[in-house]
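All remarks here apply to the structure that follows.
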Amino acid sequence: MTMTHTTTWEMAVLDGGPAHGWRLEVADRPRVIQVTSPCQVRSAPDGARAEGVYVYRIDHTVTGEPLRYGYDVASP
(Lines give C-alpha, C1' and ligand atoms only; values in the text may rest on other atoms or scores of the structure.)
Protein backbone atom coordinates (compact mmCIF):
# COMPACT_ATOMS: atom_id res chain seq x y z
CA MET A 1 0.00 0.00 0.00
CA THR A 2 1.41 3.37 -1.00
CA MET A 3 0.66 6.47 1.05
CA THR A 4 0.45 9.62 -1.07
CA HIS A 5 -0.82 11.98 1.64
CA THR A 6 1.54 13.57 4.15
CA THR A 7 0.10 15.12 7.31
CA THR A 8 1.19 18.69 7.87
CA TRP A 9 1.12 19.95 11.47
CA GLU A 10 0.93 23.70 12.17
CA MET A 11 0.57 25.90 15.23
CA ALA A 12 -2.79 27.61 15.70
CA VAL A 13 -4.29 30.00 18.23
CA LEU A 14 -7.95 30.30 19.27
CA ASP A 15 -9.37 33.82 19.28
CA GLY A 16 -12.32 34.80 21.48
CA GLY A 17 -14.78 32.67 23.42
CA PRO A 18 -14.02 30.42 26.38
CA ALA A 19 -10.79 29.03 24.88
CA HIS A 20 -9.32 32.44 23.93
CA GLY A 21 -5.56 32.31 23.64
CA TRP A 22 -5.24 28.54 23.60
CA ARG A 23 -2.41 27.37 21.38
CA LEU A 24 -2.58 24.01 19.70
CA GLU A 25 -1.18 22.01 16.82
CA VAL A 26 -3.58 21.18 13.99
CA ALA A 27 -3.17 18.71 11.15
CA ASP A 28 -3.95 19.73 7.57
CA ARG A 29 -5.75 23.01 8.45
CA PRO A 30 -9.22 21.86 9.54
CA ARG A 31 -11.94 24.42 8.80
CA VAL A 32 -13.55 24.03 12.23
CA ILE A 33 -12.28 23.19 15.72
CA GLN A 34 -14.72 22.11 18.42
CA VAL A 35 -13.94 22.73 22.09
CA THR A 36 -16.05 21.05 24.76
CA SER A 37 -16.38 21.74 28.46
CA PRO A 38 -18.00 19.30 30.91
CA CYS A 39 -21.12 20.43 32.74
CA GLN A 40 -22.17 19.26 36.19
CA VAL A 41 -25.34 17.19 35.99
CA ARG A 42 -27.38 16.88 39.17
CA SER A 43 -30.05 14.38 38.15
CA ALA A 44 -29.39 12.21 35.11
CA PRO A 45 -29.43 8.50 34.32
CA ASP A 46 -26.25 6.56 35.05
CA GLY A 47 -23.64 7.18 32.39
CA ALA A 48 -25.30 10.31 30.98
CA ARG A 49 -23.29 13.49 30.75
CA ALA A 50 -23.61 17.00 29.36
CA GLU A 51 -20.97 19.16 27.72
CA GLY A 52 -20.91 22.73 26.50
CA VAL A 53 -19.85 22.95 22.84
CA TYR A 54 -17.91 25.87 21.38
CA VAL A 55 -17.00 26.19 17.71
CA TYR A 56 -13.99 28.00 16.24
CA ARG A 57 -13.66 28.62 12.49
CA ILE A 58 -10.42 29.14 10.58
CA ASP A 59 -9.54 32.69 9.54
CA HIS A 60 -8.66 32.29 5.85
CA THR A 61 -6.86 35.66 5.77
CA VAL A 62 -4.07 34.22 7.93
CA THR A 63 -1.72 32.22 5.69
CA GLY A 64 1.21 31.52 8.03
CA GLU A 65 1.77 30.23 11.54
CA PRO A 66 0.20 30.60 13.92
CA LEU A 67 -3.06 29.98 12.12
CA ARG A 68 -6.02 31.73 13.72
CA TYR A 69 -9.41 30.27 14.56
CA GLY A 70 -12.14 32.72 15.58
CA TYR A 71 -14.95 31.94 18.00
CA ASP A 72 -18.31 31.46 16.28
CA VAL A 73 -20.97 32.84 18.62
CA ALA A 74 -23.78 31.50 16.42
CA SER A 75 -22.71 27.85 16.64
CA PRO A 76 -23.78 25.19 17.08
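Simple scheme: letters A, B, ... for chains in C-alpha coordinates order, numbers from 1 for residues in each chain, numbers from 1 for ligands in the order shown.
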
Subject >> Neighbour list for stretch 29-34 of chain A as a ChimeraX atom specification, cut-off 12 Å, only C-alpha atoms, skip fewer than 6 positions in-chain >> reply: /A:7-15,17-19,22,51-60,62-72,75-76

Would you please extract all strand (DSSP E or B) residues from chain A, as assigned by DSSP on the backbone, and give them as an mmCIF file with all heavy atoms, in the first residue's frame?
data_model
loop_
_atom_site.group_PDB
_atom_site.id
_atom_site.type_symbol
_atom_site.label_atom_id
_atom_site.label_comp_id
_atom_site.auth_asym_id
_atom_site.auth_seq_id
_atom_site.Cartn_x
_atom_site.Cartn_y
_atom_site.Cartn_z
ATOM 1 N N TRP A 9 1.516 19.397 10.179
ATOM 2 C CA TRP A 9 1.124 19.950 11.474
ATOM 3 C C TRP A 9 1.551 21.413 11.546
ATOM 4 O O TRP A 9 2.670 21.753 11.168
ATOM 5 C CB TRP A 9 1.785 19.163 12.600
ATOM 6 C CG TRP A 9 1.228 17.784 12.743
ATOM 7 C CD1 TRP A 9 1.680 16.652 12.136
ATOM 8 C CD2 TRP A 9 0.103 17.403 13.522
ATOM 9 N NE1 TRP A 9 0.906 15.577 12.498
ATOM 10 C CE2 TRP A 9 -0.077 16.011 13.354
ATOM 11 C CE3 TRP A 9 -0.783 18.090 14.350
ATOM 12 C CZ2 TRP A 9 -1.100 15.315 13.973
ATOM 13 C CZ3 TRP A 9 -1.787 17.379 14.974
ATOM 14 C CH2 TRP A 9 -1.941 16.009 14.786
ATOM 15 N N GLU A 10 0.634 22.271 12.032
ATOM 16 C CA GLU A 10 0.925 23.700 12.174
ATOM 17 C C GLU A 10 0.406 24.213 13.510
ATOM 18 O O GLU A 10 -0.563 23.684 14.051
ATOM 19 C CB GLU A 10 0.262 24.494 11.046
ATOM 20 C CG GLU A 10 0.777 24.140 9.667
ATOM 21 C CD GLU A 10 0.011 24.875 8.584
ATOM 22 O OE1 GLU A 10 -1.075 24.397 8.213
ATOM 23 O OE2 GLU A 10 0.504 25.922 8.139
ATOM 24 N N MET A 11 1.028 25.261 14.004
ATOM 25 C CA MET A 11 0.566 25.899 15.234
ATOM 26 C C MET A 11 -0.644 26.772 14.916
ATOM 27 O O MET A 11 -0.717 27.393 13.861
ATOM 28 C CB MET A 11 1.658 26.767 15.848
ATOM 29 C CG MET A 11 2.820 25.988 16.406
ATOM 30 S SD MET A 11 2.334 24.819 17.702
ATOM 31 C CE MET A 11 1.667 25.914 18.933
ATOM 32 N N ALA A 12 -1.588 26.800 15.850
ATOM 33 C CA ALA A 12 -2.787 27.614 15.704
ATOM 34 C C ALA A 12 -3.116 28.241 17.049
ATOM 35 O O ALA A 12 -2.712 27.744 18.097
ATOM 36 C CB ALA A 12 -3.959 26.767 15.222
ATOM 37 N N VAL A 13 -3.855 29.335 17.006
ATOM 38 C CA VAL A 13 -4.293 30.001 18.227
ATOM 39 C C VAL A 13 -5.798 30.248 18.113
ATOM 40 O O VAL A 13 -6.306 30.555 17.032
ATOM 41 C CB VAL A 13 -3.512 31.315 18.474
ATOM 42 C CG1 VAL A 13 -3.769 32.337 17.397
ATOM 43 C CG2 VAL A 13 -3.806 31.885 19.844
ATOM 44 N N LEU A 14 -6.510 30.060 19.232
ATOM 45 C CA LEU A 14 -7.952 30.297 19.269
ATOM 46 C C LEU A 14 -8.203 31.727 19.727
ATOM 47 O O LEU A 14 -7.585 32.205 20.684
ATOM 48 C CB LEU A 14 -8.638 29.298 20.200
ATOM 49 C CG LEU A 14 -8.419 27.822 19.855
ATOM 50 C CD1 LEU A 14 -9.207 26.934 20.808
ATOM 51 C CD2 LEU A 14 -8.780 27.524 18.417
ATOM 52 N N ASP A 15 -9.114 32.401 19.045
ATOM 53 C CA ASP A 15 -9.367 33.825 19.279
ATOM 54 C C ASP A 15 -10.808 34.029 19.729
ATOM 55 O O ASP A 15 -11.749 33.702 19.001
ATOM 56 C CB ASP A 15 -9.088 34.595 17.987
ATOM 57 C CG ASP A 15 -9.167 36.090 18.161
ATOM 58 O OD1 ASP A 15 -9.000 36.578 19.292
ATOM 59 O OD2 ASP A 15 -9.394 36.776 17.150
ATOM 60 N N ARG A 23 -3.266 27.696 22.518
ATOM 61 C CA ARG A 23 -2.409 27.367 21.376
ATOM 62 C C ARG A 23 -2.445 25.856 21.202
ATOM 63 O O ARG A 23 -2.415 25.108 22.172
ATOM 64 C CB ARG A 23 -0.982 27.834 21.635
ATOM 65 C CG ARG A 23 -0.846 29.350 21.674
ATOM 66 C CD ARG A 23 0.626 29.732 21.839
ATOM 67 N NE ARG A 23 1.047 30.990 21.332
ATOM 68 C CZ ARG A 23 0.934 31.475 20.097
ATOM 69 N NH1 ARG A 23 0.331 30.789 19.184
ATOM 70 N NH2 ARG A 23 1.402 32.643 19.756
ATOM 71 N N LEU A 24 -2.524 25.425 19.975
ATOM 72 C CA LEU A 24 -2.579 24.006 19.697
ATOM 73 C C LEU A 24 -1.964 23.704 18.342
ATOM 74 O O LEU A 24 -1.721 24.615 17.559
ATOM 75 C CB LEU A 24 -4.027 23.485 19.749
ATOM 76 C CG LEU A 24 -5.050 24.233 18.900
ATOM 77 C CD1 LEU A 24 -6.076 23.250 18.372
ATOM 78 C CD2 LEU A 24 -5.741 25.258 19.777
ATOM 79 N N GLU A 25 -1.668 22.447 18.113
ATOM 80 C CA GLU A 25 -1.184 22.008 16.816
ATOM 81 C C GLU A 25 -2.339 21.362 16.080
ATOM 82 O O GLU A 25 -3.065 20.546 16.644
ATOM 83 C CB GLU A 25 -0.054 20.997 16.972
ATOM 84 C CG GLU A 25 1.245 21.604 17.426
ATOM 85 C CD GLU A 25 2.354 20.581 17.429
ATOM 86 O OE1 GLU A 25 2.876 20.281 16.330
ATOM 87 O OE2 GLU A 25 2.666 20.089 18.521
ATOM 88 N N VAL A 26 -2.511 21.741 14.808
ATOM 89 C CA VAL A 26 -3.578 21.179 13.990
ATOM 90 C C VAL A 26 -2.966 20.486 12.781
ATOM 91 O O VAL A 26 -1.914 20.883 12.293
ATOM 92 C CB VAL A 26 -4.591 22.255 13.541
ATOM 93 C CG1 VAL A 26 -5.306 22.859 14.739
ATOM 94 C CG2 VAL A 26 -3.929 23.344 12.730
ATOM 95 N N ALA A 27 -3.635 19.452 12.322
ATOM 96 C CA ALA A 27 -3.171 18.709 11.154
ATOM 97 C C ALA A 27 -3.996 19.097 9.931
ATOM 98 O O ALA A 27 -5.230 19.082 9.975
ATOM 99 C CB ALA A 27 -3.299 17.205 11.396
ATOM 100 N N VAL A 32 -12.852 23.792 10.959
ATOM 101 C CA VAL A 32 -13.546 24.026 12.230
ATOM 102 C C VAL A 32 -12.847 23.244 13.333
ATOM 103 O O VAL A 32 -12.422 22.114 13.136
ATOM 104 C CB VAL A 32 -15.023 23.570 12.127
ATOM 105 C CG1 VAL A 32 -15.722 23.674 13.469
ATOM 106 C CG2 VAL A 32 -15.760 24.383 11.087
ATOM 107 N N ILE A 33 -12.757 23.869 14.519
ATOM 108 C CA ILE A 33 -12.279 23.192 15.722
ATOM 109 C C ILE A 33 -13.394 23.280 16.753
ATOM 110 O O ILE A 33 -13.979 24.346 16.962
ATOM 111 C CB ILE A 33 -10.991 23.838 16.260
ATOM 112 C CG1 ILE A 33 -9.860 23.607 15.273
ATOM 113 C CG2 ILE A 33 -10.635 23.288 17.641
ATOM 114 C CD1 ILE A 33 -8.565 24.276 15.647
ATOM 115 N N GLN A 34 -13.688 22.161 17.395
ATOM 116 C CA GLN A 34 -14.719 22.110 18.420
ATOM 117 C C GLN A 34 -14.059 21.946 19.775
ATOM 118 O O GLN A 34 -13.230 21.069 19.966
ATOM 119 C CB GLN A 34 -15.646 20.931 18.137
ATOM 120 C CG GLN A 34 -16.705 20.721 19.196
ATOM 121 C CD GLN A 34 -17.619 19.572 18.816
ATOM 122 O OE1 GLN A 34 -18.238 19.589 17.773
ATOM 123 N NE2 GLN A 34 -17.690 18.577 19.685
ATOM 124 N N VAL A 35 -14.432 22.800 20.706
ATOM 125 C CA VAL A 35 -13.942 22.730 22.085
ATOM 126 C C VAL A 35 -15.136 22.369 22.958
ATOM 127 O O VAL A 35 -16.219 22.930 22.803
ATOM 128 C CB VAL A 35 -13.346 24.090 22.526
ATOM 129 C CG1 VAL A 35 -12.987 24.077 23.997
ATOM 130 C CG2 VAL A 35 -12.146 24.452 21.666
ATOM 131 N N THR A 36 -14.956 21.418 23.861
ATOM 132 C CA THR A 36 -16.046 21.048 24.763
ATOM 133 C C THR A 36 -15.619 21.272 26.210
ATOM 134 O O THR A 36 -14.440 21.227 26.543
ATOM 135 C CB THR A 36 -16.462 19.575 24.588
ATOM 136 O OG1 THR A 36 -15.358 18.742 24.903
ATOM 137 C CG2 THR A 36 -16.931 19.310 23.169
ATOM 138 N N SER A 37 -16.607 21.523 27.040
ATOM 139 C CA SER A 37 -16.377 21.737 28.459
ATOM 140 C C SER A 37 -17.428 20.951 29.235
ATOM 141 O O SER A 37 -18.629 21.107 28.964
ATOM 142 C CB SER A 37 -16.485 23.227 28.772
ATOM 143 O OG SER A 37 -16.331 23.463 30.141
ATOM 144 N N PRO A 38 -17.010 20.105 30.176
ATOM 145 C CA PRO A 38 -17.997 19.304 30.907
ATOM 146 C C PRO A 38 -18.911 20.177 31.775
ATOM 147 O O PRO A 38 -18.491 21.207 32.295
ATOM 148 C CB PRO A 38 -17.149 18.373 31.764
ATOM 149 C CG PRO A 38 -15.825 19.025 31.871
ATOM 150 C CD PRO A 38 -15.647 19.863 30.636
ATOM 151 N N CYS A 39 -20.150 19.764 31.882
ATOM 152 C CA CYS A 39 -21.124 20.433 32.742
ATOM 153 C C CYS A 39 -21.451 19.503 33.911
ATOM 154 O O CYS A 39 -21.438 18.282 33.750
ATOM 155 C CB CYS A 39 -22.407 20.728 31.969
ATOM 156 S SG CYS A 39 -22.188 21.807 30.552
ATOM 157 N N ALA A 50 -23.307 15.813 30.169
ATOM 158 C CA ALA A 50 -23.609 16.996 29.361
ATOM 159 C C ALA A 50 -22.321 17.788 29.181
ATOM 160 O O ALA A 50 -21.489 17.852 30.095
ATOM 161 C CB ALA A 50 -24.664 17.857 30.046
ATOM 162 N N GLU A 51 -22.148 18.350 28.001
ATOM 163 C CA GLU A 51 -20.969 19.159 27.716
ATOM 164 C C GLU A 51 -21.376 20.404 26.948
ATOM 165 O O GLU A 51 -22.248 20.344 26.084
ATOM 166 C CB GLU A 51 -19.951 18.360 26.889
ATOM 167 C CG GLU A 51 -19.348 17.208 27.653
ATOM 168 C CD GLU A 51 -18.222 16.530 26.896
ATOM 169 O OE1 GLU A 51 -17.969 16.884 25.740
ATOM 170 O OE2 GLU A 51 -17.595 15.639 27.489
ATOM 171 N N GLY A 52 -20.741 21.518 27.279
ATOM 172 C CA GLY A 52 -20.906 22.732 26.500
ATOM 173 C C GLY A 52 -20.047 22.611 25.251
ATOM 174 O O GLY A 52 -18.931 22.106 25.311
ATOM 175 N N VAL A 53 -20.565 23.052 24.113
ATOM 176 C CA VAL A 53 -19.849 22.946 22.843
ATOM 177 C C VAL A 53 -19.579 24.347 22.300
ATOM 178 O O VAL A 53 -20.477 25.179 22.234
ATOM 179 C CB VAL A 53 -20.680 22.143 21.811
ATOM 180 C CG1 VAL A 53 -19.975 22.094 20.466
ATOM 181 C CG2 VAL A 53 -20.958 20.746 22.332
ATOM 182 N N TYR A 54 -18.329 24.581 21.921
ATOM 183 C CA TYR A 54 -17.915 25.868 21.377
ATOM 184 C C TYR A 54 -17.208 25.616 20.051
ATOM 185 O O TYR A 54 -16.378 24.712 19.948
ATOM 186 C CB TYR A 54 -16.972 26.576 22.351
ATOM 187 C CG TYR A 54 -17.566 26.661 23.736
ATOM 188 C CD1 TYR A 54 -17.225 25.734 24.718
ATOM 189 C CD2 TYR A 54 -18.502 27.628 24.047
ATOM 190 C CE1 TYR A 54 -17.787 25.788 25.977
ATOM 191 C CE2 TYR A 54 -19.073 27.686 25.305
ATOM 192 C CZ TYR A 54 -18.708 26.768 26.268
ATOM 193 O OH TYR A 54 -19.278 26.823 27.516
ATOM 194 N N VAL A 55 -17.539 26.396 19.047
ATOM 195 C CA VAL A 55 -16.999 26.186 17.706
ATOM 196 C C VAL A 55 -16.097 27.355 17.318
ATOM 197 O O VAL A 55 -16.439 28.524 17.531
ATOM 198 C CB VAL A 55 -18.149 26.034 16.678
ATOM 199 C CG1 VAL A 55 -17.624 25.971 15.261
ATOM 200 C CG2 VAL A 55 -18.971 24.791 16.999
ATOM 201 N N TYR A 56 -14.945 27.015 16.742
ATOM 202 C CA TYR A 56 -13.987 27.997 16.238
ATOM 203 C C TYR A 56 -13.762 27.717 14.758
ATOM 204 O O TYR A 56 -13.546 26.580 14.358
ATOM 205 C CB TYR A 56 -12.654 27.881 17.000
ATOM 206 C CG TYR A 56 -12.768 28.368 18.417
ATOM 207 C CD1 TYR A 56 -13.318 27.562 19.407
ATOM 208 C CD2 TYR A 56 -12.352 29.644 18.762
ATOM 209 C CE1 TYR A 56 -13.444 28.009 20.706
ATOM 210 C CE2 TYR A 56 -12.470 30.104 20.061
ATOM 211 C CZ TYR A 56 -13.017 29.283 21.025
ATOM 212 O OH TYR A 56 -13.151 29.740 22.314
ATOM 213 N N ARG A 57 -13.824 28.769 13.934
ATOM 214 C CA ARG A 57 -13.657 28.623 12.490
ATOM 215 C C ARG A 57 -12.354 29.275 12.036
ATOM 216 O O ARG A 57 -11.973 30.329 12.545
ATOM 217 C CB ARG A 57 -14.827 29.260 11.748
ATOM 218 C CG ARG A 57 -16.142 28.581 12.090
ATOM 219 C CD ARG A 57 -17.282 29.058 11.212
ATOM 220 N NE ARG A 57 -18.531 28.491 11.649
ATOM 221 C CZ ARG A 57 -18.940 27.258 11.365
ATOM 222 N NH1 ARG A 57 -18.183 26.471 10.642
ATOM 223 N NH2 ARG A 57 -20.094 26.814 11.812
ATOM 224 N N ILE A 58 -11.709 28.645 11.056
ATOM 225 C CA ILE A 58 -10.423 29.137 10.582
ATOM 226 C C ILE A 58 -10.579 30.521 9.940
ATOM 227 O O ILE A 58 -11.578 30.810 9.285
ATOM 228 C CB ILE A 58 -9.769 28.142 9.589
ATOM 229 C CG1 ILE A 58 -8.308 28.516 9.365
ATOM 230 C CG2 ILE A 58 -10.558 28.055 8.288
ATOM 231 C CD1 ILE A 58 -7.490 27.447 8.679
ATOM 232 N N LEU A 67 -1.754 29.826 12.733
ATOM 233 C CA LEU A 67 -3.065 29.977 12.118
ATOM 234 C C LEU A 67 -3.997 30.542 13.174
ATOM 235 O O LEU A 67 -3.747 30.418 14.375
ATOM 236 C CB LEU A 67 -3.579 28.620 11.646
ATOM 237 C CG LEU A 67 -2.695 27.872 10.652
ATOM 238 C CD1 LEU A 67 -3.273 26.490 10.389
ATOM 239 C CD2 LEU A 67 -2.542 28.649 9.374
ATOM 240 N N ARG A 68 -5.094 31.165 12.754
ATOM 241 C CA ARG A 68 -6.023 31.731 13.721
ATOM 242 C C ARG A 68 -7.417 31.161 13.487
ATOM 243 O O ARG A 68 -7.888 31.076 12.358
ATOM 244 C CB ARG A 68 -6.056 33.260 13.605
ATOM 245 C CG ARG A 68 -6.904 33.884 14.709
ATOM 246 C CD ARG A 68 -6.763 35.394 14.767
ATOM 247 N NE ARG A 68 -7.166 35.992 13.502
ATOM 248 C CZ ARG A 68 -6.473 36.966 12.895
ATOM 249 N NH1 ARG A 68 -5.368 37.428 13.411
ATOM 250 N NH2 ARG A 68 -6.913 37.473 11.760
ATOM 251 N N TYR A 69 -8.051 30.776 14.584
ATOM 252 C CA TYR A 69 -9.410 30.275 14.562
ATOM 253 C C TYR A 69 -10.250 31.199 15.435
ATOM 254 O O TYR A 69 -9.960 31.387 16.613
ATOM 255 C CB TYR A 69 -9.475 28.838 15.092
ATOM 256 C CG TYR A 69 -8.920 27.823 14.119
ATOM 257 C CD1 TYR A 69 -7.551 27.654 13.973
ATOM 258 C CD2 TYR A 69 -9.779 27.062 13.342
ATOM 259 C CE1 TYR A 69 -7.051 26.730 13.053
ATOM 260 C CE2 TYR A 69 -9.283 26.138 12.423
ATOM 261 C CZ TYR A 69 -7.918 25.981 12.294
ATOM 262 O OH TYR A 69 -7.424 25.081 11.388
ATOM 263 N N GLY A 70 -11.289 31.790 14.853
ATOM 264 C CA GLY A 70 -12.145 32.718 15.582
ATOM 265 C C GLY A 70 -13.371 32.032 16.139
ATOM 266 O O GLY A 70 -13.965 31.146 15.507
ATOM 267 N N TYR A 71 -13.775 32.471 17.314
ATOM 268 C CA TYR A 71 -14.947 31.936 18.003
ATOM 269 C C TYR A 71 -16.205 32.270 17.212
ATOM 270 O O TYR A 71 -16.410 33.408 16.786
ATOM 271 C CB TYR A 71 -15.018 32.537 19.402
ATOM 272 C CG TYR A 71 -16.218 32.128 20.214
ATOM 273 C CD1 TYR A 71 -16.494 30.803 20.472
ATOM 274 C CD2 TYR A 71 -17.079 33.091 20.729
ATOM 275 C CE1 TYR A 71 -17.590 30.430 21.226
ATOM 276 C CE2 TYR A 71 -18.173 32.734 21.491
ATOM 277 C CZ TYR A 71 -18.429 31.397 21.725
ATOM 278 O OH TYR A 71 -19.515 31.034 22.473
#

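Computed from the coordinates, the atom CA of A:Thr4 to atom CA of A:Asp28 distance equals 14.0 Å.
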